[in-house]
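Below is one structure, written out as structure tokens; comments come after it.
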Amino acid sequence: MKFLYRLGFYLGGFSVGLIFLAFIFNGKKTSCNYTPNARVIDNLLQKEIIISEEISKTRPQLSSDEIKELIRRGTVNFTKSNTKRDSCKLYFIEIDANKSAFLEVANCAKSLTIVSFNLP
């Protein structure tokens, strides 16, 4: 069999496979989170956000959408986090590079509670 025929069969099968995969994964919320930081942030963004009364008093304009955006932009500092707890794990999320803005959240089974924060 000539090389061009083999190449044509290969490319034809490959394109049919890509179309098949596009139909399977179209509309599904699939993601590839391989790093621990990405997995934790993805887990936090899927939960209901509860803002404590103390934080609501100090910063009443803070909404759950803003908190989700801050979590999305941030990175988890695992050395300052407490992931050994049984009930709700505490995560320390640094939002900017100079580490002056942060969120500390409690990740429970069905909800996410904002424990403390420092936003400029």
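Lettering and numbering for the structure tokens are positional, with chains as A, B, ... in the shown order, residues counted from 1 in each chain, and ligands counted from 1 in the shown order.
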
> What residues in range 2-94 of chain A get the DSSP label alpha helix (DSSP H)? Please answer as a PyMOL selection string.
Replying inline: chain A and resi 3-25+36-45+53-58+64-73

Please produce an output containing C-alpha atoms for each residue in the selection, written as a compact mmCIF listing (two decimals), in the first residue's frame.
# COMPACT_ATOMS: atom_id res chain seq x y z
CA PHE A 3 2.32 5.89 1.72
CA LEU A 4 -0.30 8.42 0.59
CA TYR A 5 -3.09 5.83 0.94
CA ARG A 6 -1.93 4.92 4.44
CA LEU A 7 -1.69 8.59 5.37
CA GLY A 8 -5.19 9.21 3.98
CA PHE A 9 -6.67 6.31 5.95
CA TYR A 10 -4.90 7.46 9.10
CA LEU A 11 -6.08 11.07 8.75
CA GLY A 12 -9.61 9.94 7.88
CA GLY A 13 -9.85 7.73 10.96
CA PHE A 14 -8.26 10.39 13.14
CA SER A 15 -10.75 13.05 12.00
CA VAL A 16 -13.73 10.71 12.55
CA GLY A 17 -12.41 10.02 16.05
CA LEU A 18 -12.07 13.74 16.79
CA ILE A 19 -15.63 14.38 15.63
CA PHE A 20 -16.83 11.47 17.77
CA LEU A 21 -15.04 12.91 20.83
CA ALA A 22 -16.45 16.37 20.12
CA PHE A 23 -19.99 14.96 20.24
CA ILE A 24 -19.32 13.04 23.44
CA PHE A 25 -17.73 15.90 25.39
CA PRO A 36 -3.29 20.25 43.71
CA ASN A 37 -3.92 23.99 43.45
CA ALA A 38 -6.28 23.56 40.49
CA ARG A 39 -8.15 20.70 42.13
CA VAL A 40 -8.73 22.64 45.37
CA ILE A 41 -9.85 25.80 43.56
CA ASP A 42 -12.22 23.79 41.35
CA ASN A 43 -13.67 22.11 44.45
CA LEU A 44 -14.12 25.47 46.22
CA LEU A 45 -15.88 27.05 43.26
CA GLU A 53 -21.87 38.09 59.86
CA GLU A 54 -18.62 39.68 60.99
CA ILE A 55 -17.33 39.95 57.44
CA SER A 56 -20.71 41.18 56.18
CA LYS A 57 -20.57 44.02 58.71
CA THR A 58 -17.04 45.10 57.82
CA SER A 64 -20.41 35.62 46.47
CA ASP A 65 -19.65 36.33 42.79
CA GLU A 66 -16.76 38.59 43.81
CA ILE A 67 -15.46 35.91 46.16
CA LYS A 68 -15.61 33.31 43.38
CA GLU A 69 -13.60 35.61 41.13
CA LEU A 70 -11.02 36.17 43.89
CA ILE A 71 -10.72 32.41 44.43
CA ARG A 72 -10.37 31.87 40.68
CA ARG A 73 -7.50 34.39 40.53

> Near range 86-99 of chain A, within 9 Å and counting only C-alpha atoms, which residues show up once chain neighbours fewer than 2 positions away are dropped, as a PyMOL selection string?
Replying inline: chain A and resi 40+70-84+101-109+112+115+119

> Quick one: DSSP strand (DSSP E) residues in chain A, as JSON, numbers by chain?
Replying inline: {"A": [48, 49, 50, 51, 75, 76, 77, 78, 79, 80, 81, 82, 89, 90, 91, 92, 93, 94, 102, 103, 104, 105, 106, 107, 111, 112, 113, 114, 115, 116, 117, 118]}

>> Report, in Å to a single decimal, how far apart CA of Asn118 in chain A and CA of Lys47 in chain A are.
In response: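 These atoms are spaced 21.4 Å apart.
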
>> Using Å and a single decimal, report how far CA of Gly27 in chain A sits from CA of Ile49 in chain A.
In response: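 According to the coordinates, CA of Ile49 in chain A and CA of Gly27 in chain A are separated by 25.0 Å.
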